>>> print(open('model_21.pdb').read())   # PDB, C-alpha atoms and all ligand atoms
ATOM      1  CA  MET T  28     112.341 117.860 112.645  1.00  0.00           C
ATOM      2  CA  LYS T  29     110.847 118.217 116.077  1.00  0.00           C
ATOM      3  CA  LYS T  30     108.866 115.409 117.579  1.00  0.00           C
ATOM      4  CA  GLY T  31     106.561 116.771 120.230  1.00  0.00           C
ATOM      5  CA  LYS T  32     108.180 116.526 123.612  1.00  0.00           C
ATOM      6  CA  GLU T  33     111.488 118.174 124.275  1.00  0.00           C
ATOM      7  CA  THR T  34     111.374 117.806 128.017  1.00  0.00           C
ATOM      8  CA  SER T  35     114.616 118.398 129.837  1.00  0.00           C
ATOM      9  CA  GLY T  36     117.143 115.777 130.814  1.00  0.00           C
ATOM     10  CA  THR T  37     115.197 113.009 132.424  1.00  0.00           C
ATOM     11  CA  LYS T  38     114.949 109.349 131.672  1.00  0.00           C
ATOM     12  CA  ALA T  39     111.796 110.006 129.715  1.00  0.00           C
ATOM     13  CA  ASP T  40     113.860 112.220 127.491  1.00  0.00           C
ATOM     14  CA  ARG T  41     115.712 109.309 126.067  1.00  0.00           C
ATOM     15  CA  THR T  42     114.616 107.538 122.968  1.00  0.00           C
ATOM     16  CA  MET T  43     116.211 104.389 121.761  1.00  0.00           C
ATOM     17  CA  ILE T  44     116.377 102.284 118.722  1.00  0.00           C
ATOM     18  CA  THR T  45     117.814  98.862 119.009  1.00  0.00           C
ATOM     19  CA  ARG T  46     118.838  96.457 116.367  1.00  0.00           C
ATOM     20  CA  LYS T  47     117.927  92.971 117.307  1.00  0.00           C
ATOM     21  CA  ARG T  48     120.191  90.088 116.692  1.00  0.00           C
ATOM     22  CA  GLY T  49     119.007  87.266 114.558  1.00  0.00           C
ATOM     23  CA  ARG T  50     117.449  84.501 116.565  1.00  0.00           C
ATOM     24  CA  ARG T  51     120.238  82.143 115.792  1.00  0.00           C
ATOM     25  CA  ARG T  52     122.937  84.386 117.148  1.00  0.00           C
ATOM     26  CA  SER T  53     121.027  85.138 120.304  1.00  0.00           C
ATOM     27  CA  GLU T  54     120.476  81.452 120.867  1.00  0.00           C
ATOM     28  CA  GLN T  55     124.178  80.872 120.503  1.00  0.00           C
ATOM     29  CA  LYS T  56     124.775  83.656 122.966  1.00  0.00           C
ATOM     30  CA  LEU T  57     122.324  82.139 125.391  1.00  0.00           C
ATOM     31  CA  LEU T  58     124.341  78.965 125.321  1.00  0.00           C
ATOM     32  CA  SER T  59     127.669  80.681 125.860  1.00  0.00           C
ATOM     33  CA  LEU T  60     126.447  83.131 128.483  1.00  0.00           C
ATOM     34  CA  SER T  61     123.889  80.998 130.203  1.00  0.00           C
ATOM     35  CA  GLN T  62     124.792  82.526 133.569  1.00  0.00           C
ATOM     36  CA  SER T  63     123.922  86.113 132.762  1.00  0.00           C
ATOM     37  CA  LYS T  64     120.617  87.566 131.725  1.00  0.00           C
ATOM     38  CA  VAL T  65     121.115  88.207 128.053  1.00  0.00           C
ATOM     39  CA  SER T  66     120.313  91.343 126.160  1.00  0.00           C
ATOM     40  CA  HIS T  67     119.644  91.078 122.495  1.00  0.00           C
ATOM     41  CA  TRP T  68     120.860  94.237 120.913  1.00  0.00           C
ATOM     42  CA  GLU T  69     124.115  94.652 119.073  1.00  0.00           C
ATOM     43  CA  GLU T  70     123.502  98.294 118.297  1.00  0.00           C
ATOM     44  CA  LYS T  71     121.550 100.824 120.291  1.00  0.00           C
ATOM     45  CA  LEU T  72     120.922 104.524 119.772  1.00  0.00           C
ATOM     46  CA  TRP T  73     120.393 106.719 122.805  1.00  0.00           C
ATOM     47  CA  GLU T  74     119.342 110.344 122.811  1.00  0.00           C
ATOM     48  CA  TYR T  75     119.761 112.919 125.530  1.00  0.00           C
ATOM     49  CA  ASP T  76     119.074 116.542 126.049  1.00  0.00           C
ATOM     50  CA  ILE T  77     122.073 118.735 125.400  1.00  0.00           C
ATOM     51  CA  THR T  78     121.842 120.210 128.899  1.00  0.00           C
ATOM     52  CA  MET T  79     122.619 116.885 130.520  1.00  0.00           C
ATOM     53  CA  PRO T  80     126.277 116.532 131.558  1.00  0.00           C
ATOM     54  CA  THR T  81     128.022 113.680 129.745  1.00  0.00           C
ATOM     55  CA  SER T  82     128.959 112.042 133.049  1.00  0.00           C
ATOM     56  CA  ARG T  83     125.281 111.814 133.935  1.00  0.00           C
ATOM     57  CA  ILE T  84     124.457 110.461 130.512  1.00  0.00           C
ATOM     58  CA  ARG T  85     126.977 107.678 131.102  1.00  0.00           C
ATOM     59  CA  ASP T  86     125.427 106.961 134.498  1.00  0.00           C
ATOM     60  CA  GLU T  87     121.945 106.761 133.016  1.00  0.00           C
ATOM     61  CA  MET T  88     123.104 104.480 130.232  1.00  0.00           C
ATOM     62  CA  THR T  89     124.956 102.262 132.700  1.00  0.00           C
ATOM     63  CA  LYS T  90     121.838 101.930 134.858  1.00  0.00           C
ATOM     64  CA  GLU T  91     119.756 101.014 131.837  1.00  0.00           C
ATOM     65  CA  MET T  92     122.229  98.408 130.605  1.00  0.00           C
ATOM     66  CA  LEU T  93     122.446  96.848 134.064  1.00  0.00           C
ATOM     67  CA  ARG T  94     118.654  96.590 133.996  1.00  0.00           C
ATOM     68  CA  GLU T  95     118.907  94.917 130.611  1.00  0.00           C
ATOM     69  CA  GLY T  96     121.154  92.264 132.064  1.00  0.00           C
ATOM     70  CA  PHE T  97     124.619  93.364 130.979  1.00  0.00           C
ATOM     71  CA  THR T  98     127.411  92.766 133.471  1.00  0.00           C
ATOM     72  CA  LYS T  99     129.650  95.616 134.641  1.00  0.00           C
ATOM     73  CA  SER T 100     132.577  94.346 132.606  1.00  0.00           C
ATOM     74  CA  GLU T 101     130.418  94.057 129.505  1.00  0.00           C
ATOM     75  CA  ILE T 102     129.299  97.640 130.011  1.00  0.00           C
ATOM     76  CA  ASN T 103     132.907  98.756 130.334  1.00  0.00           C
ATOM     77  CA  ARG T 104     133.678  97.088 127.050  1.00  0.00           C
ATOM     78  CA  ILE T 105     130.675  98.729 125.399  1.00  0.00           C
ATOM     79  CA  PHE T 106     131.848 102.134 126.672  1.00  0.00           C
ATOM     80  CA  LYS T 107     135.447 101.516 125.700  1.00  0.00           C
ATOM     81  CA  GLY T 108     136.737 104.507 123.782  1.00  0.00           C
ATOM     82  CA  ILE T 109     133.444 106.399 124.036  1.00  0.00           C
ATOM     83  CA  PHE T 110     133.865 109.981 122.961  1.00  0.00           C
ATOM     84  CA  PHE T 111     131.429 112.865 123.139  1.00  0.00           C
ATOM     85  CA  LYS T 112     132.361 114.747 120.021  1.00  0.00           C
ATOM     86  CA  GLU T 113     131.432 118.411 119.744  1.00  0.00           C
ATOM     87  CA  LYS T 114     130.226 117.904 116.222  1.00  0.00           C
ATOM     88  CA  VAL T 115     126.728 118.943 115.150  1.00  0.00           C
ATOM     89  CA  PHE T 116     125.014 117.288 112.229  1.00  0.00           C
ATOM     90  CA  ASN T 117     122.206 118.914 110.308  1.00  0.00           C
ATOM     91  CA  THR T 118     119.817 115.988 110.729  1.00  0.00           C
ATOM     92  CA  LYS T 119     119.466 112.933 112.903  1.00  0.00           C
ATOM     93  CA  THR T 120     119.747 110.673 109.867  1.00  0.00           C
ATOM     94  CA  GLN T 121     123.035 112.304 108.973  1.00  0.00           C
ATOM     95  CA  ALA T 122     124.304 111.828 112.537  1.00  0.00           C
ATOM     96  CA  VAL T 123     123.280 108.168 112.570  1.00  0.00           C
ATOM     97  CA  GLU T 124     124.946 107.619 109.205  1.00  0.00           C
ATOM     98  CA  PHE T 125     128.167 109.014 110.620  1.00  0.00           C
ATOM     99  CA  LEU T 126     127.931 106.979 113.836  1.00  0.00           C
ATOM    100  CA  ARG T 127     127.361 103.793 111.857  1.00  0.00           C
ATOM    101  CA  SER T 128     130.470 104.464 109.803  1.00  0.00           C
ATOM    102  CA  LEU T 129     132.529 104.085 112.996  1.00  0.00           C
ATOM    103  CA  GLY T 130     133.290 100.731 114.518  1.00  0.00           C
ATOM    104  CA  LYS T 131     132.885 101.903 118.078  1.00  0.00           C
ATOM    105  CA  THR T 132     130.656 103.506 120.657  1.00  0.00           C
ATOM    106  CA  TYR T 133     130.545 107.222 119.966  1.00  0.00           C
ATOM    107  CA  ALA T 134     128.472 110.349 120.566  1.00  0.00           C
ATOM    108  CA  VAL T 135     127.688 113.379 118.404  1.00  0.00           C
ATOM    109  CA  LYS T 136     124.973 116.003 118.243  1.00  0.00           C
ATOM    110  CA  TYR T 137     122.301 116.870 115.754  1.00  0.00           C
ATOM    111  CA  LYS T 138     120.153 119.934 115.282  1.00  0.00           C
ATOM    112  CA  ILE T 139     116.582 120.119 116.504  1.00  0.00           C
ATOM    113  CA  GLY T 140     113.806 122.658 116.608  1.00  0.00           C
ATOM    114  CA  ILE T 141     114.415 124.302 113.238  1.00  0.00           C
ATOM    115  CA  LYS T 142     111.239 125.287 111.442  1.00  0.00           C
ATOM    116  CA  PRO T 143     110.991 123.033 108.394  1.00  0.00           C
ATOM    117  CA  SER T 144     111.017 124.570 104.932  1.00  0.00           C
ATOM    118  CA  ALA T 145     107.883 124.598 102.790  1.00  0.00           C
ATOM    119  CA  LYS T 146     109.482 121.957 100.592  1.00  0.00           C
ATOM    120  CA  MET T 147     110.099 119.745 103.611  1.00  0.00           C
ATOM    121  CA  GLU T 148     106.477 120.091 104.688  1.00  0.00           C
ATOM    122  CA  SER T 149     105.207 119.192 101.271  1.00  0.00           C
ATOM    123  CA  LEU T 150     107.552 116.200 100.966  1.00  0.00           C
ATOM    124  CA  LYS T 151     106.439 115.029 104.386  1.00  0.00           C
ATOM    125  CA  LYS T 152     102.817 115.076 103.267  1.00  0.00           C
ATOM    126  CA  LYS T 153     103.680 113.189 100.090  1.00  0.00           C
ATOM    127  CA  ILE T 154     105.566 110.552 102.065  1.00  0.00           C
ATOM    128  CA  ALA T 155     102.630 110.043 104.409  1.00  0.00           C
ATOM    129  CA  MET T 156     100.230 109.677 101.479  1.00  0.00           C
ATOM    130  CA  LYS T 157     102.421 107.229  99.611  1.00  0.00           C
ATOM    131  CA  GLU T 158     103.027 105.177 102.734  1.00  0.00           C
ATOM    132  CA  GLU T 159      99.314 104.996 103.332  1.00  0.00           C
ATOM    133  CA  LYS T 160      98.776 103.839  99.773  1.00  0.00           C
ATOM    134  CA  LEU T 161     101.494 101.212 100.071  1.00  0.00           C
ATOM    135  CA  LYS T 162     100.083  99.932 103.334  1.00  0.00           C
ATOM    136  CA  ALA T 163      96.583  99.623 101.887  1.00  0.00           C
ATOM    137  CA  TYR T 164      97.885  97.887  98.773  1.00  0.00           C
ATOM    138  CA  GLU T 165      99.979  95.403 100.731  1.00  0.00           C
ATOM    139  CA  GLU T 166      97.095  94.643 103.028  1.00  0.00           C
ATOM    140  CA  VAL T 167      94.658  93.907 100.240  1.00  0.00           C
ATOM    141  CA  HIS T 168      96.961  92.159  97.805  1.00  0.00           C
ATOM    142  CA  LEU T 169      99.647  90.621  99.974  1.00  0.00           C
ATOM    143  CA  SER T 170      98.463  89.970 103.539  1.00  0.00           C
ATOM    144  CA  ARG T 171      94.776  89.232 103.017  1.00  0.00           C
ATOM    145  CA  LYS T 172      95.495  87.052 100.026  1.00  0.00           C
ATOM    146  CA  PHE T 173      96.030  84.038 102.252  1.00  0.00           C
ATOM    147  CA  GLU T 174      93.297  84.703 104.756  1.00  0.00           C
ATOM    148  CA  THR T 175      90.507  83.093 102.814  1.00  0.00           C
ATOM    149  CA  GLU T 176      89.460  79.439 102.769  1.00  0.00           C
ATOM    150  CA  PHE T 177      90.385  79.127  99.117  1.00  0.00           C
ATOM    151  CA  VAL T 178      93.136  80.991  97.352  1.00  0.00           C
ATOM    152  CA  VAL T 179      93.452  81.513  93.626  1.00  0.00           C
ATOM    153  CA  CYS T 180      96.987  81.420  92.260  1.00  0.00           C
ATOM    154  CA  ALA T 181      97.729  84.492  90.172  1.00  0.00           C
ATOM    155  CA  SER T 182     100.264  82.550  88.129  1.00  0.00           C
ATOM    156  CA  CYS T 183      98.453  79.316  87.165  1.00  0.00           C
ATOM    157  CA  ARG T 184      94.927  80.267  88.257  1.00  0.00           C
ATOM    158  CA  SER T 185      94.536  77.121  90.390  1.00  0.00           C
ATOM    159  CA  ARG T 186      92.027  77.460  93.197  1.00  0.00           C
ATOM    160  CA  ILE T 187      93.473  75.738  96.237  1.00  0.00           C
ATOM    161  CA  SER T 188      92.301  75.163  99.782  1.00  0.00           C
ATOM    162  CA  ARG T 189      94.243  77.329 102.207  1.00  0.00           C
ATOM    163  CA  LYS T 190      95.342  74.317 104.267  1.00  0.00           C
ATOM    164  CA  TYR T 191      97.482  72.973 101.412  1.00  0.00           C
ATOM    165  CA  ILE T 192      99.363  76.220 100.914  1.00  0.00           C
ATOM    166  CA  LYS T 193     102.613  77.366 102.403  1.00  0.00           C
ATOM    167  CA  PRO T 194     102.461  81.102 101.585  1.00  0.00           C
ATOM    168  CA  PRO T 195     103.409  82.612  99.312  1.00  0.00           C
ATOM    169  CA  LEU T 196     104.195  79.636  97.082  1.00  0.00           C
ATOM    170  CA  CYS T 197     101.656  77.766  94.990  1.00  0.00           C
ATOM    171  CA  PRO T 198     101.689  73.988  95.587  1.00  0.00           C
ATOM    172  CA  VAL T 199     100.696  73.426  91.951  1.00  0.00           C
ATOM    173  CA  CYS T 200     103.030  75.631  89.911  1.00  0.00           C
ATOM    174  CA  GLY T 201     105.534  76.579  92.584  1.00  0.00           C
ATOM    175  CA  GLU T 202     105.265  80.293  91.786  1.00  0.00           C
ATOM    176  CA  ASP T 203     104.364  83.104  94.152  1.00  0.00           C
ATOM    177  CA  MET T 204     100.565  82.958  94.337  1.00  0.00           C
ATOM    178  CA  ARG T 205     100.287  86.722  94.637  1.00  0.00           C
ATOM    179  CA  GLY T 206     101.429  87.151  91.072  1.00  0.00           C
ATOM    180  CA  GLU T 207     104.203  89.120  89.458  1.00  0.00           C
ATOM    181  CA  ALA T 208     102.124  92.198  88.655  1.00  0.00           C
ATOM    182  CA  VAL T 209     101.038  92.651  92.267  1.00  0.00           C
ATOM    183  CA  LEU T 210     104.551  92.169  93.600  1.00  0.00           C
ATOM    184  CA  LYS T 211     105.947  94.616  91.066  1.00  0.00           C
ATOM    185  CA  LYS T 212     103.361  97.228  91.944  1.00  0.00           C
ATOM    186  CA  ALA T 213     104.087  96.870  95.661  1.00  0.00           C
ATOM    187  CA  GLU T 214     107.803  97.155  94.982  1.00  0.00           C
ATOM    188  CA  ALA T 215     107.274 100.261  92.849  1.00  0.00           C
ATOM    189  CA  LEU T 216     105.307 101.857  95.673  1.00  0.00           C
ATOM    190  CA  ARG T 217     108.034 100.981  98.154  1.00  0.00           C
ATOM    191  CA  GLN T 218     110.636 102.519  95.891  1.00  0.00           C
ATOM    192  CA  SER T 219     108.723 105.731  95.452  1.00  0.00           C
ATOM    193  CA  VAL T 220     108.362 106.052  99.240  1.00  0.00           C
ATOM    194  CA  GLN T 221     112.105 105.522  99.512  1.00  0.00           C
ATOM    195  CA  ALA T 222     112.868 108.091  96.814  1.00  0.00           C
ATOM    196  CA  LEU T 223     110.694 110.675  98.576  1.00  0.00           C
ATOM    197  CA  LYS T 224     112.503 110.001 101.829  1.00  0.00           C
ATOM    198  CA  VAL T 225     115.839 110.538 100.145  1.00  0.00           C
ATOM    199  CA  SER T 226     114.576 113.860  98.742  1.00  0.00           C
ATOM    200  CA  TYR T 227     113.299 114.861 102.157  1.00  0.00           C
ATOM    201  CA  GLU T 228     116.612 114.094 103.814  1.00  0.00           C
ATOM    202  CA  ARG T 229     118.553 116.014 101.164  1.00  0.00           C
ATOM    203  CA  GLU T 230     116.278 119.011 101.601  1.00  0.00           C
ATOM    204  CA  ALA T 231     116.417 118.804 105.416  1.00  0.00           C
ATOM    205  CA  ARG T 232     120.221 118.787 105.380  1.00  0.00           C
ATOM    206  CA  ARG T 233     120.344 121.734 103.013  1.00  0.00           C
ATOM    207  CA  HIS T 234     117.728 123.687 104.954  1.00  0.00           C
ATOM    208  CA  ASN T 235     119.063 122.960 108.445  1.00  0.00           C
ATOM    209  CA  SER T 236     122.616 123.822 107.433  1.00  0.00           C
ATOM    210  CA  LYS T 237     121.489 127.442 107.192  1.00  0.00           C
ATOM    211  CA  PHE T 238     120.322 127.633 110.792  1.00  0.00           C
ATOM    212  CA  THR T 239     121.545 127.010 114.291  1.00  0.00           C
ATOM    213  CA  GLY T 240     118.679 125.408 116.129  1.00  0.00           C
ATOM    214  CA  GLY T 241     118.727 123.480 119.344  1.00  0.00           C
ATOM    215  CA  GLU T 242     120.958 120.468 119.686  1.00  0.00           C
ATOM    216  CA  ARG T 243     120.604 116.981 120.982  1.00  0.00           C
ATOM    217  CA  TRP T 244     123.075 114.244 121.885  1.00  0.00           C
ATOM    218  CA  ILE T 245     122.857 110.985 120.041  1.00  0.00           C
ATOM    219  CA  ILE T 246     124.970 108.072 121.178  1.00  0.00           C
ATOM    220  CA  ARG T 247     125.465 104.789 119.419  1.00  0.00           C
ATOM    221  CA  THR T 248     126.594 101.862 121.511  1.00  0.00           C
ATOM    222  CA  ILE T 249     127.685  98.596 119.959  1.00  0.00           C
ATOM    223  CA  THR T 250     128.471  95.210 121.394  1.00  0.00           C
ATOM    224  CA  PRO T 251     130.853  93.594 118.912  1.00  0.00           C
ATOM    225  CA  GLU T 252     133.176  92.099 121.532  1.00  0.00           C
ATOM    226  CA  ILE T 253     130.470  90.453 123.578  1.00  0.00           C
ATOM    227  CA  SER T 254     128.267  89.298 120.747  1.00  0.00           C
ATOM    228  CA  GLY T 255     130.316  86.114 120.447  1.00  0.00           C
TER
HETATM  229 ZN    ZN C 301     100.101  78.339  90.766  1.00  0.00          ZN
END
>>> encode(input="model_21.pdb", output="C-alpha cells")
Amino acid sequence: MKKGKETSGTKADRTMITRKRGRRRSEQKLLSLSQSKVSHWEEKLWEYDITMPTSRIRDEMTKEMLREGFTKSEINRIFKGIFFKEKVFNTKTQAVEFLRSLGKTYAVKYKIGIKPSAKMESLKKKIAMKEEKLKAYEEVHLSRKFETEFVVCASCRSRISRKYIKPPLCPVCGEDMRGEAVLKKAEALRQSVQALKVSYEREARRHNSKFTGGERWIIRTITPEISG
C-alpha cells in the first residue's frame, strides 16, 4: 500500500518506528551509562528507497544514531552482522514479521506501489469505520467517564466525588467503575478491528504476490548488547 510520498533517496525518505524501552530499564541505563547521551530505543525500523546504495544507507543510519547519542562502538555493535538480503516480501507487515523473527540487525525489501485489489479497498474502508467507532466509544464510555465532578459506579451504583477515585477502580466496591458491559463492548470492538486487519493483511499478501511492483528497503536495528 502506497503512502503518498515516494521521493527519492533523501533523509526525508526515511520513516522510522521505534520501540521505547520501559521507563525502568532506561533509568537503569542512565545510571550505567551516565557519561553518554542515552537513546531509548531497543528496536528501530528504517526505510530507504531502493535506489540508494547500501553503503550510503549505512552512512545515513550512522549519522542519525550519532545524533541520537550512540557512541561509535555502540553503533558498530548495532551494525554487527548486518546483511542486506535480496529478498522481497509482499507486504511491509510480512517483512517486519520476518525481521522480528531474527535476533539481529538485518535488511530486506518489500513491495510498494501495487494497485490494491477491490477487496483490499473495501477492507480498508471497513477498518477505518470500525476504528472510528471504537475511538468514539472509548472516548464516551472510558475516557470521559472520570472527567466529571461526580462519577457513578457501574458496578455498585455509588455516586462518588471524583477526588476520592483512583480510576478505574471504585473506592466503595473495588470494581472497575466503567462496568463490565462497557469494557466487554470496547474489547469486542477492538477485536473486530484486529480481525479486519488480519483479513486485510492476508488479502494484501495474496494480491501483491501476483505482481512485481516497486521495492523498498526496510532495516531493523536492535540494541540487545547495549541495553544492559
Ligand atoms: Zn462500585
>>> closest_atom_pairs(input="model_21.pdb", of="range 54-138 of chain T", to="range 220-237 of chain T", cutoff="8 Å", atoms="all atoms listed in the file", output="tab-separated table")
residue	atom	partner	partner_atom	distance
T:Asn117	CA	T:Arg232	CA	5.3
T:Thr118	CA	T:Arg232	CA	6.1
T:Thr120	CA	T:Glu228	CA	7.6
T:Gln121	CA	T:Arg232	CA	7.9
T:Lys138	CA	T:Asn235	CA	7.6
>>> residues_near_ligand(input="model_21.pdb", ligand="ligand ZN 301 (chain C)", cutoff="10 Å", atoms="only C-alpha atoms and all ligand atoms", output="number ranges by chain")
T: 178-187, 196-206
>>> closest_residue(input="model_21.pdb", among="T:Glu165, T:Thr250, T:Trp73, T:Ala215", to="Phe97 in chain T", atoms="all atoms listed in the file")
T:Thr250
>>> closest_residue(input="model_21.pdb", among="T:Met156, T:Leu126, T:Ile84, T:Val115", to="Glu70 in chain T", atoms="only C-alpha atoms")
T:Leu126
>>> atom_distance(input="model_21.pdb", atom1="CA of Lys172 in chain T", atom2="CA of Tyr191 in chain T")
14.3 Å
>>> build_atoms(input="model_21.pdb", residues="range 179-193 of chain T", atoms="N, CA and C atoms", output="tab-separated table (two decimals), keeping the file's coordinate frame")
chain	number	residue	atom	x	y	z
T	179	VAL	N	93.21	81.71	95.05
T	179	VAL	CA	93.45	81.51	93.63
T	179	VAL	C	94.88	81.96	93.30
T	180	CYS	N	95.62	81.10	92.63
T	180	CYS	CA	96.99	81.42	92.26
T	180	CYS	C	96.99	82.38	91.07
T	181	ALA	N	97.69	83.50	91.24
T	181	ALA	CA	97.73	84.49	90.17
T	181	ALA	C	98.58	84.02	88.99
T	182	SER	N	99.42	83.02	89.22
T	182	SER	CA	100.26	82.55	88.13
T	182	SER	C	99.58	81.46	87.29
T	183	CYS	N	99.03	80.42	87.95
T	183	CYS	CA	98.45	79.32	87.16
T	183	CYS	C	96.94	79.25	87.28
T	184	ARG	N	96.37	80.16	88.06
T	184	ARG	CA	94.93	80.27	88.26
T	184	ARG	C	94.30	79.09	89.01
T	185	SER	N	95.11	78.22	89.59
T	185	SER	CA	94.54	77.12	90.39
T	185	SER	C	93.83	77.69	91.61
T	186	ARG	N	92.74	77.06	91.99
T	186	ARG	CA	92.03	77.46	93.20
T	186	ARG	C	92.28	76.37	94.22
T	187	ILE	N	92.98	76.75	95.31
T	187	ILE	CA	93.47	75.74	96.24
T	187	ILE	C	93.03	76.05	97.66
T	188	SER	N	92.69	74.99	98.39
T	188	SER	CA	92.30	75.16	99.78
T	188	SER	C	93.50	75.69	100.57
T	189	ARG	N	93.20	76.66	101.44
T	189	ARG	CA	94.24	77.33	102.21
T	189	ARG	C	95.15	76.34	102.95
T	190	LYS	N	94.55	75.23	103.42
T	190	LYS	CA	95.34	74.32	104.27
T	190	LYS	C	96.44	73.59	103.50
T	191	TYR	N	96.41	73.62	102.19
T	191	TYR	CA	97.48	72.97	101.41
T	191	TYR	C	98.56	73.95	100.96
T	192	ILE	N	98.44	75.19	101.41
T	192	ILE	CA	99.36	76.22	100.91
T	192	ILE	C	100.37	76.63	101.97
T	193	LYS	N	101.60	76.73	101.56
T	193	LYS	CA	102.61	77.37	102.40
T	193	LYS	C	102.94	78.71	101.75
